[in-house]
>>> print(open('data-v1.pdb').read())   # PDB, C-alpha atoms
ATOM      1  CA  MET A   1     -14.194 -10.058  -5.869
ATOM      2  CA  SER A   2     -15.455  -8.462  -2.676
ATOM      3  CA  LEU A   3     -18.987  -7.082  -2.662
ATOM      4  CA  ARG A   4     -17.530  -3.891  -1.185
ATOM      5  CA  TRP A   5     -16.540  -2.612  -4.622
ATOM      6  CA  THR A   6     -17.172  -3.195  -8.298
ATOM      7  CA  ARG A   7     -14.532  -0.778  -9.558
ATOM      8  CA  ARG A   8     -11.178   0.157  -8.113
ATOM      9  CA  PRO A   9      -9.003   3.257  -8.499
ATOM     10  CA  GLU A  10      -6.738   3.241 -11.517
ATOM     11  CA  GLY A  11      -3.304   1.908 -10.621
ATOM     12  CA  SER A  12      -4.406   0.517  -7.264
ATOM     13  CA  THR A  13      -3.690  -2.888  -5.721
ATOM     14  CA  TRP A  14      -7.242  -3.428  -4.482
ATOM     15  CA  GLY A  15      -8.028  -7.138  -4.576
ATOM     16  CA  ASP A  16      -4.496  -8.150  -5.555
ATOM     17  CA  PHE A  17      -3.863  -9.687  -2.125
ATOM     18  CA  GLY A  18      -7.400 -10.977  -1.634
ATOM     19  CA  PRO A  19     -10.871  -9.450  -1.397
ATOM     20  CA  ASP A  20     -10.687  -8.855   2.351
ATOM     21  CA  ASP A  21      -7.011  -7.914   2.601
ATOM     22  CA  GLU A  22      -6.101  -5.243   5.175
ATOM     23  CA  ARG A  23      -2.306  -5.396   4.866
ATOM     24  CA  GLY A  24      -1.697  -4.089   1.369
ATOM     25  CA  ARG A  25       1.914  -4.202   0.279
ATOM     26  CA  LEU A  26       2.947  -5.489   3.707
ATOM     27  CA  ASN A  27       2.081  -8.837   2.146
ATOM     28  CA  LEU A  28       5.492  -8.468   0.445
ATOM     29  CA  LEU A  29       7.221  -8.329   3.843
ATOM     30  CA  THR A  30       7.831 -12.079   3.781
ATOM     31  CA  PRO A  31      10.096 -14.334   5.868
ATOM     32  CA  GLU A  32      12.632 -14.026   3.053
ATOM     33  CA  LYS A  33      12.677 -10.236   3.508
ATOM     34  CA  VAL A  34      13.309 -10.743   7.234
ATOM     35  CA  ARG A  35      16.216 -13.055   6.427
ATOM     36  CA  GLN A  36      17.573 -10.467   4.007
ATOM     37  CA  GLY A  37      17.369  -7.860   6.738
ATOM     38  CA  VAL A  38      19.156 -10.084   9.233
ATOM     39  CA  ALA A  39      21.887 -10.682   6.647
ATOM     40  CA  GLU A  40      22.651  -6.946   6.738
ATOM     41  CA  VAL A  41      23.687  -7.167  10.408
ATOM     42  CA  ARG A  42      27.500  -7.229  10.506
ATOM     43  CA  GLU A  43      28.564  -4.995  13.396
ATOM     44  CA  GLY A  44      25.751  -5.613  15.882
ATOM     45  CA  LEU A  45      25.299  -1.852  16.320
ATOM     46  CA  THR A  46      21.818  -0.466  16.957
ATOM     47  CA  PHE A  47      20.328   2.955  16.283
ATOM     48  CA  CYS A  48      17.167   4.290  17.895
ATOM     49  CA  LEU A  49      15.190   5.965  15.110
ATOM     50  CA  SER A  50      12.598   7.641  17.326
ATOM     51  CA  LEU A  51      12.476  11.250  18.368
ATOM     52  CA  PRO A  52      11.733  11.833  22.026
ATOM     53  CA  LEU A  53       7.957  11.540  21.853
ATOM     54  CA  ASP A  54       7.443  15.028  23.302
ATOM     55  CA  LEU A  55       9.007  16.500  20.147
ATOM     56  CA  PRO A  56       8.512  18.447  17.933
ATOM     57  CA  GLY A  57       7.121  20.522  20.823
ATOM     58  CA  GLY A  58       3.992  22.649  20.871
ATOM     59  CA  ASN A  59       1.569  22.358  17.970
ATOM     60  CA  VAL A  60       3.335  24.377  15.298
ATOM     61  CA  LEU A  61       3.522  21.506  12.815
ATOM     62  CA  ASN A  62      -0.120  20.515  13.234
ATOM     63  CA  PRO A  63      -2.547  22.597  15.327
ATOM     64  CA  ARG A  64      -4.682  19.502  16.046
ATOM     65  CA  ARG A  65      -1.848  17.498  17.621
ATOM     66  CA  HIS A  66      -0.333  18.258  21.013
ATOM     67  CA  PRO A  67       2.535  16.883  23.127
ATOM     68  CA  PRO A  68       1.878  13.982  25.509
ATOM     69  CA  GLN A  69       0.555  14.722  28.984
ATOM     70  CA  ILE A  70       1.814  12.357  31.684
ATOM     71  CA  THR A  71      -0.007  12.265  35.014
ATOM     72  CA  PRO A  72      -0.078   9.772  37.905
ATOM     73  CA  THR A  73      -2.774   7.177  38.324
ATOM     74  CA  ARG A  74      -4.823   7.481  41.533
ATOM     75  CA  ARG A  75      -5.359   5.249  44.521
ATOM     76  CA  ALA A  76      -8.888   4.358  45.634
ATOM     77  CA  ASN A  77      -8.973   7.404  47.927
ATOM     78  CA  GLY A  78      -7.875   9.740  45.150
ATOM     79  CA  ARG A  79      -4.274   9.999  46.351
ATOM     80  CA  PRO A  80      -1.884  10.352  43.351
ATOM     81  CA  ASN A  81       0.055   7.156  42.809
ATOM     82  CA  MET A  82       3.438   8.887  42.681
ATOM     83  CA  ASN A  83       6.130   8.293  45.313
ATOM     84  CA  PHE A  84       3.355   6.612  47.276
ATOM     85  CA  PRO A  85       4.468   4.858  50.495
ATOM     86  CA  VAL A  86       2.452   1.645  50.650
ATOM     87  CA  CYS A  87       2.730   1.789  54.448
ATOM     88  CA  GLU A  88      -0.109   4.317  54.307
ATOM     89  CA  GLU A  89      -2.342   1.372  53.422
ATOM     90  CA  VAL A  90      -0.402  -1.656  54.699
ATOM     91  CA  ASP A  91       1.291  -1.507  58.095
ATOM     92  CA  GLY A  92       5.012  -2.165  57.897
ATOM     93  CA  ALA A  93       5.195  -2.092  54.087
ATOM     94  CA  THR A  94       8.400  -0.601  52.671
ATOM     95  CA  ASP A  95       7.307  -0.292  49.047
ATOM     96  CA  VAL A  96       7.149   3.093  47.335
ATOM     97  CA  ILE A  97       5.042   3.096  44.161
ATOM     98  CA  CYS A  98       5.106   5.265  41.054
ATOM     99  CA  ASP A  99       2.466   4.611  38.403
ATOM    100  CA  ASP A 100       1.386   6.911  35.573
ATOM    101  CA  ARG A 101      -0.820   7.355  32.556
ATOM    102  CA  ALA A 102      -0.431   9.283  29.310
ATOM    103  CA  LEU A 103      -2.774  11.266  27.132
ATOM    104  CA  ILE A 104      -1.040  11.032  23.783
ATOM    105  CA  HIS A 105      -1.883  12.116  20.262
ATOM    106  CA  LEU A 106      -0.916   8.996  18.368
ATOM    107  CA  GLN A 107       0.553  10.835  15.362
ATOM    108  CA  TYR A 108       2.272  13.681  17.186
ATOM    109  CA  SER A 109       5.880  12.508  16.958
ATOM    110  CA  THR A 110       7.661   9.491  15.412
ATOM    111  CA  GLN A 111       4.787   7.479  13.984
ATOM    112  CA  TRP A 112       3.260   4.977  11.626
ATOM    113  CA  ASP A 113       0.173   5.805   9.558
ATOM    114  CA  SER A 114      -2.292   2.953   9.157
ATOM    115  CA  LEU A 115      -4.185   2.479   5.899
ATOM    116  CA  ALA A 116      -7.209   3.994   7.659
ATOM    117  CA  HIS A 117      -5.441   7.358   7.974
ATOM    118  CA  VAL A 118      -6.232   8.712   4.499
ATOM    119  CA  GLY A 119      -9.007   7.620   2.162
ATOM    120  CA  SER A 120     -10.795   9.349  -0.691
ATOM    121  CA  LEU A 121     -14.243  10.362  -1.851
ATOM    122  CA  PHE A 122     -14.603   7.577  -4.407
ATOM    123  CA  ASP A 123     -17.441   5.787  -6.161
ATOM    124  CA  ALA A 124     -16.576   2.136  -5.613
ATOM    125  CA  ASP A 125     -19.924   0.601  -6.539
ATOM    126  CA  GLY A 126     -21.807   3.014  -8.782
ATOM    127  CA  ALA A 127     -23.804   4.497  -5.899
ATOM    128  CA  GLY A 128     -21.877   7.779  -5.868
ATOM    129  CA  ALA A 129     -18.709   9.069  -4.262
ATOM    130  CA  ALA A 130     -18.416   8.354  -0.543
ATOM    131  CA  PRO A 131     -15.606   8.140   2.050
ATOM    132  CA  THR A 132     -13.686   5.054   0.952
ATOM    133  CA  PHE A 133     -10.409   3.517   2.086
ATOM    134  CA  TYR A 134      -7.938   0.911   0.844
ATOM    135  CA  ASN A 135      -9.528  -2.186  -0.719
ATOM    136  CA  GLY A 136     -12.980  -0.607  -0.622
ATOM    137  CA  PHE A 137     -13.477  -0.366   3.135
ATOM    138  CA  ARG A 138     -15.951   2.387   3.965
ATOM    139  CA  GLY A 139     -16.048   5.344   6.250
ATOM    140  CA  GLY A 140     -19.031   5.139   8.570
ATOM    141  CA  ARG A 141     -19.124   1.358   8.447
ATOM    142  CA  ASP A 142     -15.563   0.046   8.686
ATOM    143  CA  ILE A 143     -13.914   3.208  10.038
ATOM    144  CA  VAL A 144     -16.321   4.809  12.499
ATOM    145  CA  GLY A 145     -16.465   7.758  14.857
ATOM    146  CA  PRO A 146     -18.228  11.006  15.673
ATOM    147  CA  SER A 147     -18.804  13.644  13.016
ATOM    148  CA  THR A 148     -20.155  16.665  14.900
ATOM    149  CA  PRO A 149     -18.431  19.030  17.337
ATOM    150  CA  GLU A 150     -20.860  18.062  20.086
ATOM    151  CA  ALA A 151     -19.881  14.387  19.799
ATOM    152  CA  ALA A 152     -16.160  14.925  19.236
ATOM    153  CA  ASP A 153     -15.127  13.184  22.483
ATOM    154  CA  GLN A 154     -17.041  10.008  21.681
ATOM    155  CA  PRO A 155     -14.997   6.907  20.731
ATOM    156  CA  SER A 156     -13.688   6.286  17.231
ATOM    157  CA  ARG A 157     -12.465   2.984  15.811
ATOM    158  CA  ALA A 158     -10.951   1.557  12.668
ATOM    159  CA  LYS A 159     -12.785  -1.755  12.574
ATOM    160  CA  LYS A 160     -10.746  -2.497   9.471
ATOM    161  CA  LEU A 161      -7.268  -1.314   8.412
ATOM    162  CA  GLY A 162      -6.287  -0.352  11.987
ATOM    163  CA  ILE A 163      -2.722   0.019  13.202
ATOM    164  CA  GLU A 164      -2.843  -3.451  14.770
ATOM    165  CA  ARG A 165      -2.395  -4.933  11.289
ATOM    166  CA  LEU A 166       1.193  -3.595  11.306
ATOM    167  CA  ALA A 167       1.822  -4.962  14.791
ATOM    168  CA  GLU A 168       0.655  -8.398  13.672
ATOM    169  CA  VAL A 169       3.090  -8.359  10.747
ATOM    170  CA  GLY A 170       5.907  -7.283  13.078
ATOM    171  CA  MET A 171       7.384  -4.603  10.786
ATOM    172  CA  GLN A 172      10.768  -6.267  10.720
ATOM    173  CA  GLY A 173      12.789  -6.739   7.568
ATOM    174  CA  ARG A 174      15.306  -5.183   5.238
ATOM    175  CA  ALA A 175      15.282  -1.405   4.928
ATOM    176  CA  VAL A 176      17.060   0.873   2.470
ATOM    177  CA  MET A 177      18.242   4.430   3.107
ATOM    178  CA  ILE A 178      18.001   7.174   0.472
ATOM    179  CA  ASP A 179      20.107  10.062   1.763
ATOM    180  CA  LEU A 180      18.499  13.189   0.336
ATOM    181  CA  ARG A 181      20.254  15.457   2.827
ATOM    182  CA  ALA A 182      23.701  14.416   1.641
ATOM    183  CA  HIS A 183      22.855  15.774  -1.809
ATOM    184  CA  LEU A 184      20.410  18.602  -1.076
ATOM    185  CA  GLY A 185      21.383  19.941   2.347
ATOM    186  CA  ASP A 186      18.790  21.436   4.683
ATOM    187  CA  ALA A 187      17.142  23.893   2.282
ATOM    188  CA  LYS A 188      13.476  23.357   1.528
ATOM    189  CA  ALA A 189      13.158  21.302  -1.646
ATOM    190  CA  LYS A 190      10.392  19.510  -3.499
ATOM    191  CA  VAL A 191      11.910  16.325  -4.901
ATOM    192  CA  GLY A 192      10.478  14.855  -8.081
ATOM    193  CA  TYR A 193      11.289  11.597  -9.807
ATOM    194  CA  ASP A 194      14.212  12.823 -11.913
ATOM    195  CA  GLN A 195      16.061  14.243  -8.927
ATOM    196  CA  LEU A 196      15.286  11.220  -6.769
ATOM    197  CA  ALA A 197      16.429   8.839  -9.486
ATOM    198  CA  GLY A 198      19.686  10.764  -9.819
ATOM    199  CA  ILE A 199      20.375  10.481  -6.077
ATOM    200  CA  ILE A 200      19.536   6.777  -6.089
ATOM    201  CA  ALA A 201      21.920   6.217  -9.001
ATOM    202  CA  ALA A 202      24.701   8.346  -7.494
ATOM    203  CA  ASP A 203      24.619   6.354  -4.255
ATOM    204  CA  ALA A 204      24.130   2.957  -5.944
ATOM    205  CA  VAL A 205      20.924   2.348  -4.005
ATOM    206  CA  VAL A 206      19.009  -0.771  -5.013
ATOM    207  CA  ILE A 207      15.402  -1.200  -3.902
ATOM    208  CA  GLU A 208      13.643  -4.533  -4.292
ATOM    209  CA  PRO A 209      10.032  -5.601  -3.680
ATOM    210  CA  GLY A 210       9.271  -5.909   0.023
ATOM    211  CA  ASP A 211      11.957  -3.447   1.147
ATOM    212  CA  MET A 212      11.098  -0.652   3.570
ATOM    213  CA  VAL A 213      12.476   2.612   2.193
ATOM    214  CA  CYS A 214      13.712   5.449   4.421
ATOM    215  CA  LEU A 215      14.232   9.015   3.200
ATOM    216  CA  HIS A 216      16.778  11.036   5.176
ATOM    217  CA  THR A 217      16.146  14.786   4.908
ATOM    218  CA  GLY A 218      17.632  16.060   8.192
ATOM    219  CA  PHE A 219      14.322  17.565   9.337
ATOM    220  CA  ALA A 220      14.098  15.608  12.603
ATOM    221  CA  GLU A 221      17.689  16.536  13.443
ATOM    222  CA  ARG A 222      16.784  20.193  13.045
ATOM    223  CA  LEU A 223      13.739  19.710  15.302
ATOM    224  CA  ILE A 224      15.950  18.268  18.028
ATOM    225  CA  ALA A 225      18.222  21.312  17.769
ATOM    226  CA  MET A 226      15.182  23.556  18.406
ATOM    227  CA  GLY A 227      14.793  21.971  21.839
ATOM    228  CA  GLY A 228      11.032  21.547  21.837
ATOM    229  CA  GLU A 229      10.341  25.132  20.761
ATOM    230  CA  PRO A 230      10.202  25.004  16.954
ATOM    231  CA  ASP A 231      10.332  28.338  15.182
ATOM    232  CA  PRO A 232       6.945  28.743  13.428
ATOM    233  CA  LYS A 233       8.480  30.330  10.342
ATOM    234  CA  GLN A 234      11.612  28.260  10.051
ATOM    235  CA  VAL A 235      10.044  24.866  10.673
ATOM    236  CA  HIS A 236       7.871  25.096   7.555
ATOM    237  CA  ASN A 237      10.799  26.053   5.338
ATOM    238  CA  LEU A 238      13.275  23.275   5.996
ATOM    239  CA  CYS A 239      14.532  20.215   4.170
ATOM    240  CA  ALA A 240      13.307  18.033   1.367
ATOM    241  CA  GLY A 241       9.964  16.371   0.750
ATOM    242  CA  LEU A 242       8.747  14.245  -2.139
ATOM    243  CA  ASP A 243       6.691  15.930  -4.845
ATOM    244  CA  GLY A 244       3.362  14.146  -4.606
ATOM    245  CA  ARG A 245       2.134  15.925  -7.742
ATOM    246  CA  ASP A 246       4.806  14.237  -9.886
ATOM    247  CA  PRO A 247       3.143  11.282 -11.670
ATOM    248  CA  GLN A 248       6.524   9.745 -12.474
ATOM    249  CA  LEU A 249       7.431   9.708  -8.785
ATOM    250  CA  LEU A 250       4.132   8.060  -7.866
ATOM    251  CA  ASP A 251       4.715   5.524 -10.628
ATOM    252  CA  TRP A 252       8.169   4.816  -9.183
ATOM    253  CA  ILE A 253       6.604   4.016  -5.808
ATOM    254  CA  THR A 254       4.274   1.606  -7.583
ATOM    255  CA  ARG A 255       6.979  -0.054  -9.679
ATOM    256  CA  SER A 256       9.562  -0.318  -6.892
ATOM    257  CA  GLY A 257       7.479  -2.756  -4.856
ATOM    258  CA  LEU A 258       8.521  -1.061  -1.615
ATOM    259  CA  CYS A 259       6.245  -2.138   1.228
ATOM    260  CA  ALA A 260       6.573   0.945   3.463
ATOM    261  CA  LEU A 261       7.794   4.498   2.879
ATOM    262  CA  ILE A 262       9.396   6.358   5.778
ATOM    263  CA  ALA A 263      10.860   9.839   6.228
ATOM    264  CA  ASP A 264      12.256  12.011   8.991
ATOM    265  CA  ASN A 265      10.135  14.954   7.864
ATOM    266  CA  TYR A 266       6.569  15.917   8.716
ATOM    267  CA  ALA A 267       4.587  14.183   5.957
ATOM    268  CA  VAL A 268       7.031  12.319   3.649
ATOM    269  CA  GLU A 269       5.675  14.488   0.828
ATOM    270  CA  ALA A 270       6.101  18.238   0.478
ATOM    271  CA  TYR A 271       3.130  20.065   1.982
ATOM    272  CA  PRO A 272       1.296  21.999   0.713
ATOM    273  CA  ALA A 273       1.536  19.935  -2.432
ATOM    274  CA  GLY A 274       0.945  22.759  -4.866
ATOM    275  CA  ILE A 275      -1.730  23.239  -7.488
ATOM    276  CA  GLY A 276      -3.205  20.079  -8.979
ATOM    277  CA  PRO A 277      -6.096  19.229 -11.277
ATOM    278  CA  ALA A 278      -9.692  19.914 -10.275
ATOM    279  CA  CYS A 279     -11.085  17.518  -7.643
ATOM    280  CA  CYS A 280      -7.749  16.206  -6.421
ATOM    281  CA  ALA A 281      -6.196  15.192  -3.105
ATOM    282  CA  THR A 282      -4.416  17.777  -0.979
ATOM    283  CA  LEU A 283      -2.017  14.974   0.017
ATOM    284  CA  PRO A 284      -1.498  13.177  -3.307
ATOM    285  CA  LEU A 285       1.306  10.911  -2.115
ATOM    286  CA  HIS A 286      -0.753   9.873   0.924
ATOM    287  CA  GLU A 287      -3.671   9.086  -1.361
ATOM    288  CA  HIS A 288      -1.455   7.085  -3.711
ATOM    289  CA  CYS A 289       0.235   5.099  -0.950
ATOM    290  CA  LEU A 290      -2.437   4.606   1.702
ATOM    291  CA  PHE A 291      -5.612   4.600  -0.397
ATOM    292  CA  LYS A 292      -4.482   3.047  -3.677
ATOM    293  CA  LEU A 293      -1.418   0.868  -3.041
ATOM    294  CA  GLY A 294      -1.731  -0.113   0.618
ATOM    295  CA  VAL A 295       1.741   1.280   1.456
ATOM    296  CA  ASN A 296       2.073   2.437   5.063
ATOM    297  CA  LEU A 297       3.865   5.710   5.773
ATOM    298  CA  GLY A 298       6.274   6.501   8.603
ATOM    299  CA  GLU A 299       6.839  10.134   9.557
ATOM    300  CA  LEU A 300       9.141  12.156  11.821
ATOM    301  CA  TRP A 301      11.641   9.347  12.316
ATOM    302  CA  HIS A 302      15.115  10.334  13.549
ATOM    303  CA  LEU A 303      17.333   9.067  10.740
ATOM    304  CA  THR A 304      20.412  11.325  10.797
ATOM    305  CA  PRO A 305      22.807   9.315  13.019
ATOM    306  CA  LEU A 306      22.018   6.129  11.087
ATOM    307  CA  ALA A 307      22.253   7.827   7.684
ATOM    308  CA  ASP A 308      25.615   9.376   8.579
ATOM    309  CA  TRP A 309      26.957   6.007   9.780
ATOM    310  CA  LEU A 310      25.768   4.203   6.674
ATOM    311  CA  ARG A 311      27.339   6.803   4.374
ATOM    312  CA  ALA A 312      30.627   6.689   6.267
ATOM    313  CA  HIS A 313      30.704   2.920   5.831
ATOM    314  CA  GLY A 314      29.580   2.808   2.205
ATOM    315  CA  ARG A 315      26.294   1.111   3.010
ATOM    316  CA  ASN A 316      22.590   1.860   2.576
ATOM    317  CA  ARG A 317      20.849  -1.313   3.783
ATOM    318  CA  PHE A 318      20.079  -2.449   7.324
ATOM    319  CA  LEU A 319      17.753  -4.507   9.482
ATOM    320  CA  LEU A 320      14.731  -2.497  10.605
ATOM    321  CA  THR A 321      12.496  -3.522  13.511
ATOM    322  CA  ALA A 322       9.579  -1.122  13.965
ATOM    323  CA  PRO A 323       6.306  -2.542  15.310
ATOM    324  CA  PRO A 324       3.683   0.003  16.391
ATOM    325  CA  LEU A 325       1.573  -0.227  19.519
ATOM    326  CA  ARG A 326      -0.830  -3.137  19.184
ATOM    327  CA  LEU A 327      -3.794  -0.889  19.854
ATOM    328  CA  PRO A 328      -6.855  -2.291  18.054
ATOM    329  CA  GLY A 329      -8.866   0.291  16.190
ATOM    330  CA  ALA A 330      -6.249   3.045  16.233
ATOM    331  CA  ILE A 331      -5.520   5.053  13.091
ATOM    332  CA  GLY A 332      -1.846   5.692  13.862
ATOM    333  CA  SER A 333       0.742   4.870  16.467
ATOM    334  CA  PRO A 334       3.938   6.126  18.040
ATOM    335  CA  VAL A 335       6.852   3.864  17.259
ATOM    336  CA  THR A 336      10.368   3.361  18.559
ATOM    337  CA  PRO A 337      12.113   1.905  15.506
ATOM    338  CA  ILE A 338      15.451   0.159  15.873
ATOM    339  CA  ALA A 339      17.966  -0.173  13.053
ATOM    340  CA  THR A 340      20.666  -2.822  13.365
ATOM    341  CA  VAL A 341      23.770  -2.762  11.146
TER
END
>>> encode(input="data-v1.pdb", output="structure tokens")
Amino acid sequence: MSLRWTRRPEGSTWGDFGPDDERGRLNLLTPEKVRQGVAEVREGLTFCLSLPLDLPGGNVLNPRRHPPQITPTRRANGRPNMNFPVCEEVDGATDVICDDRALIHLQYSTQWDSLAHVGSLFDADGAGAAPTFYNGFRGGRDIVGPSTPEAADQPSRAKKLGIERLAEVGMQGRAVMIDLRAHLGDAKAKVGYDQLAGIIAADAVVIEPGDMVCLHTGFAERLIAMGGEPDPKQVHNLCAGLDGRDPQLLDWITRSGLCALIADNYAVEAYPAGIGPACCATLPLHEHCLFKLGVNLGELWHLTPLADWLRAHGRNRFLLTAPPLRLPGAIGSPVTPIATV
């Protein structure tokens, strides 16, 4: 076993895929799962599962995350590189150049969470509880960055478990839709195992190890309807989320063998999670998936058009292609997922 840890969290997969593994359950996203995904393509129709990346709009959902800012790059003399006639620098040139840059919060809109996104204060080696991430990687050594307000603009980096691990895998394979909205509507709901199992049974959904599972709640569709100006009261009282405090639901995630869990809502799980035992995670499903199992989470995907098409055609499986930005050291990434049916 790795020298990083001598004990692992109960119910975790630490070490199951090797002492230095950084991919977690993505190890189940095998070539066979890609072939199974391709086999679901019958019509050749594609669905873009990304919100416009300037949505939800403002910072109502998360005060620390803001919409992208796009500005032009600059020429050597400081001139903005937007509608720039090259003849200003090269006599007789007919080119006109536009070139821009973006300041983007990587988990503002449609996104993947890397396994470095959420860890836990955990005693992995008998030396006392410390910031620890999947497979025993450590905060301050493997995931590094500033910790004081004065240093907040200094670089940060996930030396291990970064978002590039997903890009290397490709994030292409068979995905399965669970259509919560079709059964629960748009009212706020905290979905536990019993209710989820009933919906899965009613729609004859079958999930196998290595599948990517999508949860359609309708939340992203409602965000689009708000036109970039989400109502602060309404936006926190819409649609379904999984009950991360339900041990049976967490056990289902473990037993299912799913390799990624995706939703069109803000956090996959209902937040706030509600009262739990003393010394517990505020995001229990995040802790279970990212910290214990090595299951990546996708949030704020736009699933409604695809979910409606699948239901109309009596289907719930499709080919999903969803690589993140290959940005080494990043904790999360915007993504433009494509479903093919």
>>> atom_distance(input="data-v1.pdb", atom1="atom CA of A:Asp21", atom2="atom CA of A:Ala167")
15.3 Å
>>> closest_atom_pairs(input="data-v1.pdb", of="stretch 122-241 of chain A", to="stretch 294-313 of chain A", cutoff="9 Å", atoms="only C-alpha atoms", output="CSV")
residue,atom,partner,partner_atom,distance
A:Tyr134,CA,A:Gly294,CA,6.3
A:Asn135,CA,A:Gly294,CA,8.2
A:Leu166,CA,A:Asn296,CA,8.7
A:Met177,CA,A:Ala307,CA,7.0
A:Ile178,CA,A:Ala307,CA,8.4
A:Asp179,CA,A:Ala307,CA,6.7
A:Arg181,CA,A:Thr304,CA,9.0
A:Ala182,CA,A:Asp308,CA,8.8
A:Cys214,CA,A:Leu303,CA,8.1
A:Leu215,CA,A:Leu303,CA,8.2
A:His216,CA,A:Leu303,CA,5.9
A:Thr217,CA,A:Thr304,CA,8.1
A:Gly218,CA,A:Thr304,CA,6.1
A:Phe219,CA,A:Leu300,CA,7.9
A:Ala220,CA,A:His302,CA,5.5
A:Glu221,CA,A:Thr304,CA,6.4
>>> closest_residue(input="data-v1.pdb", among="A:Ile143, A:Ala175, A:Leu29, A:Cys289", to="A:Arg315", atoms="all atoms listed in the file")
A:Ala175
>>> closest_atom_pairs(input="data-v1.pdb", of="stretch 234-293 of chain A", to="stretch 10-16 of chain A", cutoff="12 Å", atoms="only C-alpha atoms", output="tab-separated table")
residue	atom	partner	partner_atom	distance
A:Pro247	CA	A:Gly11	CA	11.4
A:Leu250	CA	A:Gly11	CA	10.0
A:Asp251	CA	A:Gly11	CA	8.8
A:Trp252	CA	A:Gly11	CA	11.9
A:Ile253	CA	A:Gly11	CA	11.2
A:Thr254	CA	A:Gly11	CA	8.2
A:Arg255	CA	A:Gly11	CA	10.5
A:Gly257	CA	A:Thr13	CA	11.2
A:Glu287	CA	A:Ser12	CA	10.4
A:His288	CA	A:Ser12	CA	8.0
A:Cys289	CA	A:Ser12	CA	9.1
A:Leu290	CA	A:Ser12	CA	10.0
A:Phe291	CA	A:Ser12	CA	8.1
A:Lys292	CA	A:Ser12	CA	4.4
A:Leu293	CA	A:Thr13	CA	5.1
>>> resolve_selection(input="data-v1.pdb", expression="the PyMOL selection byres ((chain A and resi 3) around 12)", output="MDAnalysis selection string")
chainID A and resid 1:2 4:8 15 19:20 124:125 135:138
>>> build_atoms(input="data-v1.pdb", residues="stretch 290-294 of chain A", atoms="all heavy atoms", output="PDB file, in the coordinates of the input")
ATOM      1  N   LEU A 290      -1.523   5.191   0.719  1.00  0.00           N
ATOM      2  CA  LEU A 290      -2.437   4.606   1.702  1.00  0.00           C
ATOM      3  C   LEU A 290      -3.727   4.120   1.059  1.00  0.00           C
ATOM      4  O   LEU A 290      -4.204   3.023   1.366  1.00  0.00           O
ATOM      5  CB  LEU A 290      -2.755   5.636   2.789  1.00  0.00           C
ATOM      6  CG  LEU A 290      -1.572   6.125   3.624  1.00  0.00           C
ATOM      7  CD1 LEU A 290      -2.013   7.255   4.546  1.00  0.00           C
ATOM      8  CD2 LEU A 290      -0.955   4.992   4.441  1.00  0.00           C
ATOM      9  N   PHE A 291      -4.306   4.907   0.186  1.00  0.00           N
ATOM     10  CA  PHE A 291      -5.612   4.600  -0.397  1.00  0.00           C
ATOM     11  C   PHE A 291      -5.516   3.638  -1.577  1.00  0.00           C
ATOM     12  O   PHE A 291      -6.296   2.684  -1.679  1.00  0.00           O
ATOM     13  CB  PHE A 291      -6.268   5.913  -0.824  1.00  0.00           C
ATOM     14  CG  PHE A 291      -7.542   5.756  -1.608  1.00  0.00           C
ATOM     15  CD1 PHE A 291      -8.670   5.188  -1.030  1.00  0.00           C
ATOM     16  CD2 PHE A 291      -7.618   6.198  -2.926  1.00  0.00           C
ATOM     17  CE1 PHE A 291      -9.853   5.054  -1.758  1.00  0.00           C
ATOM     18  CE2 PHE A 291      -8.795   6.073  -3.653  1.00  0.00           C
ATOM     19  CZ  PHE A 291      -9.908   5.493  -3.061  1.00  0.00           C
ATOM     20  N   LYS A 292      -4.555   3.854  -2.457  1.00  0.00           N
ATOM     21  CA  LYS A 292      -4.482   3.047  -3.677  1.00  0.00           C
ATOM     22  C   LYS A 292      -3.609   1.797  -3.533  1.00  0.00           C
ATOM     23  O   LYS A 292      -4.029   0.695  -3.879  1.00  0.00           O
ATOM     24  CB  LYS A 292      -3.964   3.894  -4.840  1.00  0.00           C
ATOM     25  CG  LYS A 292      -4.921   4.993  -5.282  1.00  0.00           C
ATOM     26  CD  LYS A 292      -4.372   5.736  -6.489  1.00  0.00           C
ATOM     27  CE  LYS A 292      -5.347   6.810  -6.972  1.00  0.00           C
ATOM     28  NZ  LYS A 292      -4.817   7.532  -8.166  1.00  0.00           N
ATOM     29  N   LEU A 293      -2.388   1.974  -3.032  1.00  0.00           N
ATOM     30  CA  LEU A 293      -1.418   0.868  -3.041  1.00  0.00           C
ATOM     31  C   LEU A 293      -1.430   0.031  -1.776  1.00  0.00           C
ATOM     32  O   LEU A 293      -0.987  -1.119  -1.794  1.00  0.00           O
ATOM     33  CB  LEU A 293      -0.003   1.406  -3.251  1.00  0.00           C
ATOM     34  CG  LEU A 293       0.298   2.102  -4.579  1.00  0.00           C
ATOM     35  CD1 LEU A 293       1.765   2.492  -4.622  1.00  0.00           C
ATOM     36  CD2 LEU A 293      -0.070   1.227  -5.769  1.00  0.00           C
ATOM     37  N   GLY A 294      -1.884   0.596  -0.647  1.00  0.00           N
ATOM     38  CA  GLY A 294      -1.731  -0.113   0.618  1.00  0.00           C
ATOM     39  C   GLY A 294      -0.300  -0.075   1.115  1.00  0.00           C
ATOM     40  O   GLY A 294       0.216  -1.063   1.637  1.00  0.00           O
TER      41      GLY A 294
END
